[in-house]
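*Asks:* Following this line is coords-v8.cif, made up of mmCIF, C-alpha atoms (C1' of nucleotides):
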data_my_file
loop_
_atom_site.label_atom_id
_atom_site.label_comp_id
_atom_site.auth_asym_id
_atom_site.auth_seq_id
_atom_site.Cartn_x
_atom_site.Cartn_y
_atom_site.Cartn_z
CA MET K 19 -73.95 -46.99 -27.13
CA ALA K 20 -73.13 -50.15 -29.03
CA ARG K 21 -70.47 -52.01 -27.12
CA ARG K 22 -67.74 -53.31 -29.40
CA LYS K 23 -65.18 -55.41 -27.58
CA ASP K 24 -65.20 -57.58 -30.67
CA HIS K 25 -61.46 -57.23 -30.90
CA THR K 26 -58.41 -57.45 -28.70
CA HIS K 27 -56.01 -54.55 -28.29
CA ASP K 28 -53.69 -56.03 -30.86
CA GLU K 29 -56.50 -56.53 -33.30
CA ILE K 30 -57.52 -52.91 -32.98
CA ARG K 31 -53.87 -52.00 -33.59
CA SER K 32 -53.86 -53.99 -36.81
CA LEU K 33 -57.19 -52.62 -37.94
CA ALA K 34 -56.02 -49.04 -37.50
CA LEU K 35 -52.60 -49.54 -39.10
CA GLU K 36 -54.15 -51.37 -42.01
CA ALA K 37 -56.73 -48.63 -42.57
CA MET K 38 -54.07 -45.93 -42.42
CA GLN K 39 -51.83 -47.73 -44.87
CA GLN K 40 -54.71 -48.20 -47.23
CA HIS K 41 -55.40 -44.49 -47.07
CA LEU K 42 -51.74 -43.71 -47.76
CA GLN K 43 -51.88 -45.67 -50.99
CA GLN K 44 -54.06 -42.93 -52.41
CA GLN K 45 -53.69 -39.78 -50.34
CA PRO K 46 -51.19 -37.99 -48.11
CA ALA K 47 -51.19 -38.42 -44.37
CA ASP K 48 -52.62 -35.01 -43.63
CA THR K 49 -55.89 -35.83 -45.35
CA MET K 50 -56.51 -38.50 -42.72
CA SER K 51 -57.34 -37.82 -39.11
CA LEU K 52 -57.71 -39.71 -35.88
CA ARG K 53 -61.44 -39.24 -36.01
CA LYS K 54 -61.86 -40.44 -39.58
CA LEU K 55 -59.61 -43.41 -38.91
CA ALA K 56 -61.58 -44.33 -35.81
CA GLN K 57 -64.81 -44.14 -37.73
CA ALA K 58 -63.36 -46.25 -40.53
CA ILE K 59 -62.69 -49.15 -38.17
CA GLY K 60 -65.81 -48.66 -36.07
CA TYR K 61 -64.25 -47.45 -32.84
CA SER K 62 -64.17 -44.11 -31.08
CA PRO K 63 -61.20 -41.74 -31.33
CA ALA K 64 -60.60 -42.24 -27.61
CA THR K 65 -60.07 -45.96 -28.12
CA LEU K 66 -57.27 -45.34 -30.60
CA ILE K 67 -55.66 -42.94 -28.16
CA ASN K 68 -55.87 -45.67 -25.54
CA VAL K 69 -54.19 -48.18 -27.81
CA PHE K 70 -51.48 -46.03 -29.40
CA GLY K 71 -50.97 -43.33 -26.77
CA SER K 72 -51.52 -40.56 -29.30
CA TYR K 73 -52.23 -40.00 -32.96
CA ASP K 74 -48.56 -39.14 -33.47
CA HIS K 75 -47.51 -42.51 -32.13
CA LEU K 76 -50.02 -44.21 -34.40
CA LEU K 77 -48.35 -42.48 -37.34
CA LEU K 78 -44.95 -43.54 -36.05
CA SER K 79 -46.10 -47.16 -36.03
CA VAL K 80 -47.11 -46.84 -39.66
CA SER K 81 -43.65 -45.46 -40.45
CA ALA K 82 -42.05 -48.42 -38.73
CA ILE K 83 -43.93 -50.73 -41.07
CA THR K 84 -42.91 -48.60 -44.06
CA LEU K 85 -39.28 -48.84 -42.99
CA ASP K 86 -39.57 -52.61 -42.75
CA ARG K 87 -41.08 -52.85 -46.21
CA LEU K 88 -38.34 -50.65 -47.61
CA ALA K 89 -35.62 -52.69 -45.91
CA GLN K 90 -37.12 -55.88 -47.24
CA GLN K 91 -37.15 -54.64 -50.84
CA LEU K 92 -33.62 -53.30 -50.57
CA ALA K 93 -32.29 -56.54 -49.14
CA HIS K 94 -34.14 -58.52 -51.77
CA HIS K 95 -32.66 -56.54 -54.65
CA ALA K 96 -29.13 -56.56 -53.24
CA ALA K 97 -28.52 -60.22 -53.91
CA THR K 98 -24.97 -61.10 -53.07
CA GLU K 99 -24.15 -62.62 -56.43
CA LEU K 100 -23.96 -59.10 -57.78
CA SER K 101 -20.74 -57.13 -57.65
CA PRO K 102 -20.41 -54.49 -54.91
CA LEU K 103 -20.86 -51.70 -57.43
CA GLN K 104 -23.89 -53.39 -58.95
CA ARG K 105 -25.39 -53.75 -55.50
CA LEU K 106 -24.96 -50.04 -54.84
CA HIS K 107 -26.69 -49.20 -58.08
CA SER K 108 -29.41 -51.65 -57.20
CA PHE K 109 -29.78 -49.96 -53.83
CA GLY K 110 -30.27 -46.55 -55.42
CA LYS K 111 -32.68 -47.86 -58.02
CA THR K 112 -34.77 -49.77 -55.51
CA TYR K 113 -34.82 -46.84 -53.08
CA LEU K 114 -36.16 -44.52 -55.76
CA GLN K 115 -38.65 -47.10 -56.96
CA PHE K 116 -39.99 -47.60 -53.46
CA ALA K 117 -40.34 -43.86 -52.95
CA ARG K 118 -42.24 -43.57 -56.21
CA GLN K 119 -44.51 -46.50 -55.50
CA ASN K 120 -45.22 -45.42 -51.93
CA PRO K 121 -45.00 -41.64 -52.04
CA TYR K 122 -47.33 -40.94 -49.11
CA CYS K 123 -45.88 -43.63 -46.85
CA TRP K 124 -42.45 -42.32 -47.74
CA GLN K 125 -43.34 -38.71 -46.99
CA LEU K 126 -44.79 -39.71 -43.68
CA LEU K 127 -41.68 -41.70 -42.80
CA PHE K 128 -39.30 -38.83 -43.38
CA GLU K 129 -41.35 -35.74 -42.64
CA HIS K 130 -43.30 -36.74 -39.59
CA ARG K 131 -41.67 -35.58 -36.40
CA LEU K 132 -42.75 -36.36 -32.90
CA PRO K 133 -43.62 -33.24 -30.96
CA ASP K 134 -41.24 -31.55 -28.58
CA GLY K 135 -39.03 -33.80 -26.47
CA ASP K 136 -40.38 -37.14 -27.66
CA GLU K 137 -37.40 -39.20 -28.76
CA ILE K 138 -37.32 -41.53 -31.73
CA PRO K 139 -37.54 -45.03 -30.27
CA ASP K 140 -34.55 -47.33 -30.42
CA TRP K 141 -36.29 -49.93 -32.52
CA GLN K 142 -36.72 -47.31 -35.22
CA GLN K 143 -33.02 -46.49 -35.31
CA GLN K 144 -32.12 -50.16 -35.39
CA ARG K 145 -34.19 -50.50 -38.54
CA ILE K 146 -32.21 -47.72 -40.20
CA ASP K 147 -28.93 -49.31 -39.17
CA GLN K 148 -29.96 -52.37 -41.16
CA LEU K 149 -30.26 -50.24 -44.28
CA PHE K 150 -26.81 -48.81 -43.78
CA ALA K 151 -25.47 -52.34 -43.39
CA ILE K 152 -26.41 -53.11 -47.00
CA ILE K 153 -24.38 -50.19 -48.31
CA GLU K 154 -21.54 -50.69 -45.87
CA GLN K 155 -21.18 -54.32 -46.86
CA ALA K 156 -20.79 -53.38 -50.51
CA LEU K 157 -18.37 -50.56 -49.69
CA ALA K 158 -16.30 -52.75 -47.40
CA GLU K 159 -15.59 -55.00 -50.37
CA LEU K 160 -14.26 -52.00 -52.24
CA SER K 161 -12.14 -50.50 -49.48
CA PRO K 162 -10.67 -51.88 -46.28
CA ASP K 163 -10.79 -48.64 -44.31
CA ALA K 164 -13.62 -49.03 -41.81
CA GLU K 165 -14.17 -45.42 -40.78
CA ASN K 166 -14.18 -44.37 -44.40
CA VAL K 167 -16.85 -46.95 -45.07
CA ARG K 168 -19.14 -45.59 -42.39
CA GLN K 169 -18.96 -42.08 -43.76
CA ALA K 170 -19.18 -43.09 -47.39
CA ALA K 171 -22.26 -45.20 -46.69
CA ARG K 172 -23.99 -42.27 -45.02
CA THR K 173 -22.95 -39.91 -47.77
CA ILE K 174 -24.31 -42.16 -50.49
CA TRP K 175 -27.54 -42.87 -48.66
CA ALA K 176 -28.22 -39.24 -47.88
CA SER K 177 -27.44 -38.23 -51.45
CA VAL K 178 -29.71 -40.85 -52.95
CA HIS K 179 -32.32 -39.81 -50.43
CA GLY K 180 -32.02 -36.17 -51.45
CA ILE K 181 -32.50 -36.98 -55.12
CA CYS K 182 -35.58 -39.03 -54.27
CA THR K 183 -37.04 -36.32 -52.05
CA LEU K 184 -36.67 -33.55 -54.58
CA SER K 185 -37.82 -35.78 -57.39
CA LEU K 186 -40.97 -36.74 -55.53
CA ASN K 187 -41.75 -33.14 -54.69
CA ASP K 188 -41.08 -31.99 -58.23
CA LYS K 189 -38.36 -29.69 -57.00
CA LEU K 190 -35.64 -30.92 -59.30
CA PHE K 191 -36.98 -28.87 -62.18
CA ALA K 192 -35.46 -31.31 -64.55
CA ASP K 193 -36.43 -31.58 -68.17
CA HIS K 194 -37.30 -35.24 -68.36
CA LEU K 195 -39.42 -36.95 -65.78
CA SER K 196 -37.08 -39.91 -65.57
CA ASN K 197 -34.05 -37.87 -64.63
CA ALA K 198 -33.91 -38.98 -61.04
CA ASP K 199 -32.87 -42.43 -62.21
CA SER K 200 -29.90 -41.18 -64.19
CA MET K 201 -28.94 -38.72 -61.46
CA ILE K 202 -28.66 -41.55 -58.97
CA GLU K 203 -26.66 -43.59 -61.44
CA SER K 204 -24.40 -40.62 -62.07
CA LEU K 205 -23.97 -40.01 -58.37
CA ILE K 206 -23.00 -43.56 -57.49
CA HIS K 207 -20.84 -44.02 -60.57
CA HIS K 208 -18.74 -40.92 -60.02
CA TYR K 209 -18.56 -41.09 -56.25
CA ILE K 210 -17.42 -44.69 -56.21
CA ASN K 211 -15.17 -44.17 -59.18
CA SER K 212 -13.13 -41.69 -57.19
CA TRP K 213 -13.71 -43.07 -53.71
CA SER K 214 -12.63 -46.67 -54.40
CA ARG K 215 -9.52 -45.64 -56.24
CA MET J 6 -65.56 -3.75 -33.06
CA ALA J 7 -62.51 -1.53 -33.19
CA ARG J 8 -61.89 -0.55 -36.78
CA ARG J 9 -58.25 -0.88 -37.74
CA LYS J 10 -57.55 0.35 -41.24
CA ASP J 11 -54.31 1.69 -39.82
CA HIS J 12 -52.40 -0.14 -42.52
CA THR J 13 -52.51 -0.69 -46.25
CA HIS J 14 -52.76 -4.14 -47.76
CA ASP J 15 -49.02 -4.24 -48.31
CA GLU J 16 -48.34 -3.19 -44.76
CA ILE J 17 -50.54 -5.98 -43.45
CA ARG J 18 -48.60 -8.35 -45.72
CA SER J 19 -45.34 -7.22 -44.19
CA LEU J 20 -46.65 -7.38 -40.66
CA ALA J 21 -47.83 -10.96 -41.12
CA LEU J 22 -44.71 -12.18 -42.91
CA GLU J 23 -42.48 -10.53 -40.32
CA ALA J 24 -44.41 -12.08 -37.45
CA MET J 25 -44.28 -15.52 -39.05
CA GLN J 26 -40.55 -15.29 -39.69
CA GLN J 27 -39.95 -14.21 -36.14
CA HIS J 28 -41.88 -17.25 -34.96
CA LEU J 29 -39.84 -19.53 -37.23
CA GLN J 30 -36.65 -18.37 -35.59
CA GLN J 31 -37.68 -20.26 -32.49
CA GLN J 32 -40.35 -22.80 -33.36
CA PRO J 33 -41.55 -24.95 -36.26
CA ALA J 34 -44.29 -23.79 -38.59
CA ASP J 35 -46.93 -26.11 -37.24
CA THR J 36 -46.90 -24.43 -33.83
CA MET J 37 -48.19 -21.27 -35.48
CA SER J 38 -51.67 -20.83 -36.87
CA LEU J 39 -53.61 -18.34 -38.91
CA ARG J 40 -55.57 -17.32 -35.84
CA LYS J 41 -52.52 -16.79 -33.63
CA LEU J 42 -50.76 -14.89 -36.37
CA ALA J 43 -53.77 -12.64 -36.89
CA GLN J 44 -53.95 -11.93 -33.20
CA ALA J 45 -50.23 -11.19 -33.06
CA ILE J 46 -50.60 -8.39 -35.59
CA GLY J 47 -53.96 -7.17 -34.36
CA TYR J 48 -56.15 -8.21 -37.25
CA SER J 49 -58.79 -10.87 -37.69
CA PRO J 50 -58.06 -14.23 -39.36
CA ALA J 51 -60.42 -13.26 -42.15
CA THR J 52 -58.31 -10.22 -43.00
CA LEU J 53 -55.24 -12.39 -43.56
CA ILE J 54 -57.28 -14.67 -45.79
CA ASN J 55 -58.33 -11.60 -47.75
CA VAL J 56 -54.74 -10.47 -48.19
CA PHE J 57 -53.02 -13.79 -48.89
CA GLY J 58 -55.86 -15.87 -50.31
CA SER J 59 -55.28 -18.65 -47.81
CA TYR J 60 -53.02 -19.62 -44.95
CA ASP J 61 -51.14 -21.94 -47.31
CA HIS J 62 -50.33 -19.05 -49.60
CA LEU J 63 -49.16 -17.00 -46.66
CA LEU J 64 -46.73 -19.80 -45.82
CA LEU J 65 -45.63 -19.93 -49.45
CA SER J 66 -44.80 -16.23 -49.30
CA VAL J 67 -42.61 -16.87 -46.28
CA SER J 68 -40.83 -19.61 -48.22
CA ALA J 69 -40.22 -17.23 -51.09
CA ILE J 70 -38.42 -14.91 -48.69
CA THR J 71 -36.44 -17.81 -47.29
CA LEU J 72 -35.38 -18.81 -50.78
CA ASP J 73 -34.24 -15.26 -51.48
CA ARG J 74 -32.19 -15.16 -48.30
CA LEU J 75 -30.62 -18.51 -49.16
CA ALA J 76 -29.81 -17.39 -52.71
CA GLN J 77 -28.26 -14.22 -51.40
CA GLN J 78 -25.95 -16.05 -48.99
CA LEU J 79 -24.96 -18.58 -51.64
CA ALA J 80 -24.15 -15.90 -54.18
CA HIS J 81 -22.22 -13.95 -51.58
CA HIS J 82 -20.02 -16.90 -50.67
CA ALA J 83 -19.41 -17.99 -54.24
CA ALA J 84 -17.16 -15.08 -55.10
CA THR J 85 -15.73 -15.50 -58.56
CA GLU J 86 -12.11 -15.17 -57.53
CA LEU J 87 -12.37 -18.69 -56.15
CA SER J 88 -11.69 -21.68 -58.35
CA PRO J 89 -14.70 -23.61 -59.67
CA LEU J 90 -14.06 -26.46 -57.24
CA GLN J 91 -13.68 -24.07 -54.34
CA ARG J 92 -16.96 -22.43 -55.28
CA LEU J 93 -18.70 -25.79 -55.25
CA HIS J 94 -17.36 -26.54 -51.79
CA SER J 95 -18.39 -23.09 -50.68
CA PHE J 96 -21.88 -23.76 -52.03
CA GLY J 97 -22.22 -26.94 -50.00
CA LYS J 98 -20.85 -25.37 -46.87
CA THR J 99 -23.07 -22.32 -47.10
CA TYR J 100 -26.12 -24.41 -47.90
CA LEU J 101 -25.62 -26.52 -44.78
CA GLN J 102 -24.88 -23.48 -42.66
CA PHE J 103 -28.07 -21.80 -43.79
CA ALA J 104 -30.12 -24.90 -43.04
CA ARG J 105 -28.61 -25.07 -39.55
CA GLN J 106 -29.15 -21.42 -38.83
CA ASN J 107 -32.69 -21.39 -40.16
CA PRO J 108 -34.00 -24.87 -39.47
CA TYR J 109 -37.69 -24.00 -39.28
CA CYS J 110 -37.69 -21.69 -42.29
CA TRP J 111 -35.82 -24.38 -44.16
CA GLN J 112 -38.24 -27.12 -43.17
CA LEU J 113 -41.16 -24.99 -44.23
CA LEU J 114 -39.53 -24.24 -47.57
CA PHE J 115 -39.03 -27.87 -48.49
CA GLU J 116 -41.83 -29.68 -46.71
CA HIS J 117 -44.75 -27.38 -47.23
CA ARG J 118 -46.90 -28.42 -50.12
CA LEU J 119 -49.81 -26.58 -51.59
CA PRO J 120 -52.97 -28.65 -51.45
CA ASP J 121 -54.28 -30.62 -54.38
CA GLY J 122 -53.97 -29.02 -57.79
CA ASP J 123 -52.40 -25.73 -56.71
CA GLU J 124 -49.29 -25.25 -58.79
CA ILE J 125 -46.01 -23.81 -57.56
CA PRO J 126 -45.94 -20.28 -58.93
CA ASP J 127 -43.46 -19.38 -61.64
CA TRP J 128 -41.66 -16.80 -59.54
CA GLN J 129 -40.79 -19.56 -57.10
CA GLN J 130 -39.23 -21.75 -59.76
CA GLN J 131 -37.29 -18.81 -61.14
CA ARG J 132 -35.71 -18.37 -57.74
CA ILE J 133 -34.55 -21.98 -57.73
CA ASP J 134 -33.13 -21.61 -61.22
CA GLN J 135 -30.88 -18.88 -59.86
CA LEU J 136 -29.44 -21.33 -57.35
CA PHE J 137 -28.72 -23.87 -60.06
CA ALA J 138 -26.99 -21.15 -62.04
CA ILE J 139 -24.32 -20.85 -59.35
CA ILE J 140 -23.47 -24.52 -59.57
CA GLU J 141 -23.82 -24.68 -63.33
CA GLN J 142 -21.43 -21.79 -63.78
CA ALA J 143 -18.76 -23.55 -61.74
CA LEU J 144 -19.34 -26.85 -63.53
CA ALA J 145 -19.25 -25.23 -66.95
CA GLU J 146 -15.72 -24.10 -66.23
CA LEU J 147 -14.81 -27.71 -65.55
CA SER J 148 -16.54 -29.32 -68.51
CA PRO J 149 -17.80 -27.97 -71.83
CA ASP J 150 -20.69 -30.44 -72.22
CA ALA J 151 -23.84 -28.44 -71.57
CA GLU J 152 -26.34 -31.25 -70.99
CA ASN J 153 -23.91 -32.93 -68.64
CA VAL J 154 -23.64 -29.71 -66.69
CA ARG J 155 -27.38 -29.47 -66.18
CA GLN J 156 -27.63 -32.97 -64.82
CA ALA J 157 -24.49 -32.75 -62.70
CA ALA J 158 -25.70 -29.50 -61.13
CA ARG J 159 -28.98 -31.09 -60.17
CA THR J 160 -27.27 -34.19 -58.87
CA ILE J 161 -24.92 -32.20 -56.67
CA TRP J 162 -27.62 -29.92 -55.37
CA ALA J 163 -30.00 -32.75 -54.55
CA SER J 164 -27.23 -34.70 -52.84
CA VAL J 165 -26.10 -31.78 -50.72
CA HIS J 166 -29.75 -31.15 -49.95
CA GLY J 167 -30.25 -34.74 -48.83
CA ILE J 168 -27.30 -34.59 -46.47
CA CYS J 169 -28.66 -31.36 -44.99
CA THR J 170 -32.17 -32.76 -44.59
CA LEU J 171 -31.09 -35.89 -42.81
CA SER J 172 -28.57 -34.03 -40.71
CA LEU J 173 -31.18 -31.53 -39.55
CA ASN J 174 -33.63 -34.28 -38.69
CA ASP J 175 -30.98 -36.31 -36.89
CA LYS J 176 -31.54 -39.18 -39.26
CA LEU J 177 -27.93 -39.61 -40.26
CA PHE J 178 -27.11 -41.51 -37.10
CA ALA J 179 -23.55 -40.43 -37.40
CA ASP J 180 -21.07 -40.53 -34.58
CA HIS J 181 -19.91 -36.95 -34.58
CA LEU J 182 -22.28 -34.04 -34.82
CA SER J 183 -20.12 -32.30 -37.39
CA ASN J 184 -20.23 -35.15 -39.88
CA ALA J 185 -22.56 -33.45 -42.31
CA ASP J 186 -19.78 -31.01 -43.15
CA SER J 187 -17.29 -33.71 -44.05
CA MET J 188 -19.93 -35.71 -45.88
CA ILE J 189 -20.63 -32.78 -48.15
CA GLU J 190 -16.92 -32.27 -48.70
CA SER J 191 -16.51 -35.94 -49.47
CA LEU J 192 -19.44 -35.90 -51.86
CA ILE J 193 -18.25 -32.92 -53.86
CA HIS J 194 -14.64 -33.99 -53.85
CA HIS J 195 -15.26 -37.47 -55.16
CA TYR J 196 -18.06 -36.61 -57.56
CA ILE J 197 -16.12 -33.83 -59.22
CA ASN J 198 -12.91 -35.82 -59.13
CA SER J 199 -14.47 -38.43 -61.38
CA TRP J 200 -16.91 -36.24 -63.29
CA SER J 201 -14.44 -33.59 -64.45
CA ARG J 202 -11.89 -36.10 -65.60
"C1'" DA U 25 -64.90 -0.68 -49.85
"C1'" DC U 26 -62.88 -2.73 -46.16
"C1'" DC U 27 -63.04 -5.44 -42.26
"C1'" DT U 28 -64.86 -8.84 -39.06
"C1'" DG U 29 -68.09 -11.50 -35.65
"C1'" DA U 30 -70.18 -15.34 -35.77
"C1'" DA U 31 -70.96 -19.61 -37.80
"C1'" DC U 32 -69.41 -23.84 -40.01
"C1'" DA U 33 -67.17 -28.00 -40.26
"C1'" DC U 34 -63.55 -29.73 -38.68
"C1'" DC U 35 -59.15 -31.09 -35.31
"C1'" DG U 36 -56.53 -34.23 -31.02
"C1'" DT U 37 -57.16 -35.18 -26.34
"C1'" DT U 38 -59.35 -35.87 -21.78
"C1'" DC U 39 -62.26 -37.93 -18.52
"C1'" DA U 40 -66.55 -38.81 -16.05
"C1'" DA U 41 -70.01 -41.83 -16.83
"C1'" DG U 42 -71.94 -45.89 -18.63
"C1'" DT U 43 -71.84 -51.13 -19.40
"C1'" DA C 9 -62.02 -53.30 -17.01
"C1'" DC C 10 -63.01 -51.52 -21.20
"C1'" DC C 11 -64.97 -48.21 -24.02
"C1'" DT C 12 -67.00 -43.80 -25.22
"C1'" DG C 13 -70.18 -39.43 -25.33
"C1'" DA C 14 -69.60 -35.19 -24.43
"C1'" DA C 15 -66.73 -31.44 -23.46
"C1'" DC C 16 -62.54 -28.73 -24.15
"C1'" DA C 17 -59.60 -25.97 -26.59
"C1'" DC C 18 -58.29 -25.53 -30.68
"C1'" DC C 19 -58.16 -25.35 -36.36
"C1'" DG C 20 -58.93 -22.73 -41.64
"C1'" DT C 21 -62.48 -20.67 -44.18
"C1'" DT C 22 -66.80 -18.27 -45.39
"C1'" DC C 23 -69.96 -14.62 -45.57
"C1'" DA C 24 -73.66 -11.65 -43.95
"C1'" DA C 25 -73.59 -7.69 -41.47
"C1'" DG C 26 -71.58 -3.61 -39.74
"C1'" DT C 27 -68.87 0.82 -40.44
#
What is this file in structure tokens?

*Replies:*
Amino acid sequence: MARRKDHTHDEIRSLALEAMQQHLQQQPADTMSLRKLAQAIGYSPATLINVFGSYDHLLLSVSAITLDRLAQQLAHHAATELSPLQRLHSFGKTYLQFARQNPYCWQLLFEHRLPDGDEIPDWQQQRIDQLFAIIEQALAELSPDAENVRQAARTIWASVHGICTLSLNDKLFADHLSNADSMIESLIHHYINSWSR
Amino acid sequence: MARRKDHTHDEIRSLALEAMQQHLQQQPADTMSLRKLAQAIGYSPATLINVFGSYDHLLLSVSAITLDRLAQQLAHHAATELSPLQRLHSFGKTYLQFARQNPYCWQLLFEHRLPDGDEIPDWQQQRIDQLFAIIEQALAELSPDAENVRQAARTIWASVHGICTLSLNDKLFADHLSNADSMIESLIHHYINSWSR
DNA sequence: ACCTGAACACCGTTCAAGT
DNA sequence: ACCTGAACACCGTTCAAGT
């Protein structure tokens, strides 16, 4: 058949990741497949398996990019001239906004699991640690107790995350569509109000 | 081939749902399939499609049962002789415990989405409303403001849910394994502490 | 009327064979 | 060495044909 070899390994990587991300702007991950993706970039399914190891690892690479984009937006909106409390509210707002603007990337990031014994790579966890750092920094300015800060940061993140998840999946059963925003505000306001006392 | 007809429609329903639930005690939903399930109960895949409409609707029926089991446990542990605050803590604790004891049922319940335009049936939403009622009842005893109660109930539920989700998926990156418990306690304590003031 | 075998249009992955 | 066609072992769903 037609030999390709027009691209290096890394170029094929980029082509595939780009095509997948473009798909995720419109449709959920499970409407794409290795075969469709391969056809979209003009290579065979087997080539993509060669490059990424498996379709699951291809999806994991997309999630890594999503995590980077999320981290970038969060860092950008948490400008240090804001007060700690303002930064926390900004974190929640930006997190929800990102989830809304990238629903299918976001779903993939948090719902895709590697099969069986495959472990989440270290570089993926390091990315998450960076997100926690934003919250922890703000909290540290509100309370000196380090261990408390670790737990409070995780509690706030997970709570904000839960509100976003259920909001995206329409499982909040709230009256107004915009309720997730005020729920996050309410959460951060009340939690910090008591926690930082 | 061998005619079955040994069972009524409803009996086939039960057989399939039972077999799926048994599978979910050990393995995630995506390791089962319509074909395997059909074979497990001695019918053809097409029969299950006849009975449930589609494999997706079969999975939805399993989730309905899961939701009922969850509601039952929550109601059981929220005995009215406890104080409102105690009942809220009991809710969080029971919710996490259920998620831990039924990880694959729980994942299916919250991650499975019907394709495209299929709406979540009314009877499923009614089940969720019952869960909110438990929280709302406790909150109502702490504050008279009805609209506030609705939002606070949803905020607390979604937050507890988020902590459970991330804990189950090992995405909390916490030091101790038992941290989800104390995070939920922290969340409810601080939120209510400020909210009910 | 109820059930299903066979067909249909797909999957991800492997690997011998081609260039 | 790099890539892939074809094969393998699966999917969910449909429907004509059997009882």

*Asks:* Apply the PyMOL selection byres ((chain K and resi 199-202) around 7) to the structure shown and report the selected residues as JSON, numbers by chain.

*Replies:* {"K": [110, 111, 178, 196, 197, 198, 203, 204, 205, 206], "J": [156, 160]}

*Asks:* Mind telling me what the PyMOL selection byres ((chain K) within 9 of (chain J)) catches here, as a PyMOL selection string?

*Replies:* chain K and resi 128-129+131+143+146-147+168-170+172-185+187+189-192+197-198+200-202+204-213

*Asks:* Set the distance at 12 Å and use all atoms listed in the file: which residues neighbour Glu36 (chain K) once local chain neighbours fewer than 4 positions away are removed? I'd like the list as a list of chain:residue names.

*Replies:*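 These residues fall inside the cut-off: K:Glu29, K:Ile30, K:Arg31, K:Ser32, K:Gln40, K:His41, K:Leu42, K:Gln43, K:Leu55, K:Ala56, K:Ala58, K:Ile59, K:Leu76, K:Leu77, K:Ser79, K:Val80, K:Ile83, K:Thr84.
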
*Asks:* Could you list the residues in chain U lying within 9 Å of chain K, using all atoms listed in the file, and format the result as a PyMOL selection string?

*Replies:* chain U and resi 35-38+42-43

*Asks:* How many Å separate CA of Gln32 (chain J) from CA of Arg132 (chain J)?

*Replies:* 25.2 Å

*Asks:* Point out the residue among K:Gly60, K:Lys54, K:Ala93, K:Ala37 with the least atom-to-atom distance to DT12 (chain C), counting all atoms listed in the file.

*Replies:* K:Gly60

*Asks:* Please measure the separation of CA of Ala89 (chain K) and CA of Ala151 (chain K), giving the value in Å to one decimal.

*Replies:*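 Computing the Euclidean distance for CA of Ala89 (chain K) and CA of Ala151 (chain K) yields 10.5 Å.
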
*Asks:* From the options J:Ser148, J:Gln135, J:Gln129, J:Asn107, which residue's atoms come nearest to Pro33 (chain J), counting only C-alpha atoms?

*Replies:* J:Asn107

*Asks:* Rounded to one decimal place, report the CA of Ala83 (chain J)-CA of Phe103 (chain J) distance in Å.

*Replies:*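 Those two atoms sit 14.1 Å apart.
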
*Asks:* My list of candidates is J:Ala21, J:Leu90, J:Leu114, J:Leu173. Which is closest to Val56 (chain J) when distances are computed with all atoms listed in the file?

*Replies:*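 Looking at the shortest contact to Val56 (chain J), the residue is J:Ala21.
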
*Asks:* Within 12 Å of (-71.0, -17.1, -47.2) (file coordinates; all atoms listed in the file), which protein or nucleic acid residues are there? I'd like them as JSON, numbers by chain.

*Replies:* {"U": [30, 31, 32], "C": [21, 22, 23, 24, 25]}

*Asks:* Region 127-138 of chain J, all listed atoms, 4 Å padding on each side: what axis-aligned box centre and edge lengths in Å to one decimal come out, as AutoDock Vina command-line options?

*Replies:*
--center_x -35.2 --center_y -20.3 --center_z -59.6 --size_x 24.5 --size_y 15.1 --size_z 12.9

*Asks:* Hey, what's within 10 Å of Asn166 (chain K) if we count only C-alpha atoms (C1' of nucleotides) and toss same-chain stuff fewer than 6 positions away? As a PyMOL selection string, please?

*Replies:* chain K and resi 154+157-158+213

*Asks:* Please return, as a ChimeraX atom specification, all polymer residues that have at least one atom within 6 Å of the point (-65.5, -45.8, -28.5); use all atoms listed in the file and the file's own coordinate frame.

*Replies:* /K:61-62,65 /C:11-12
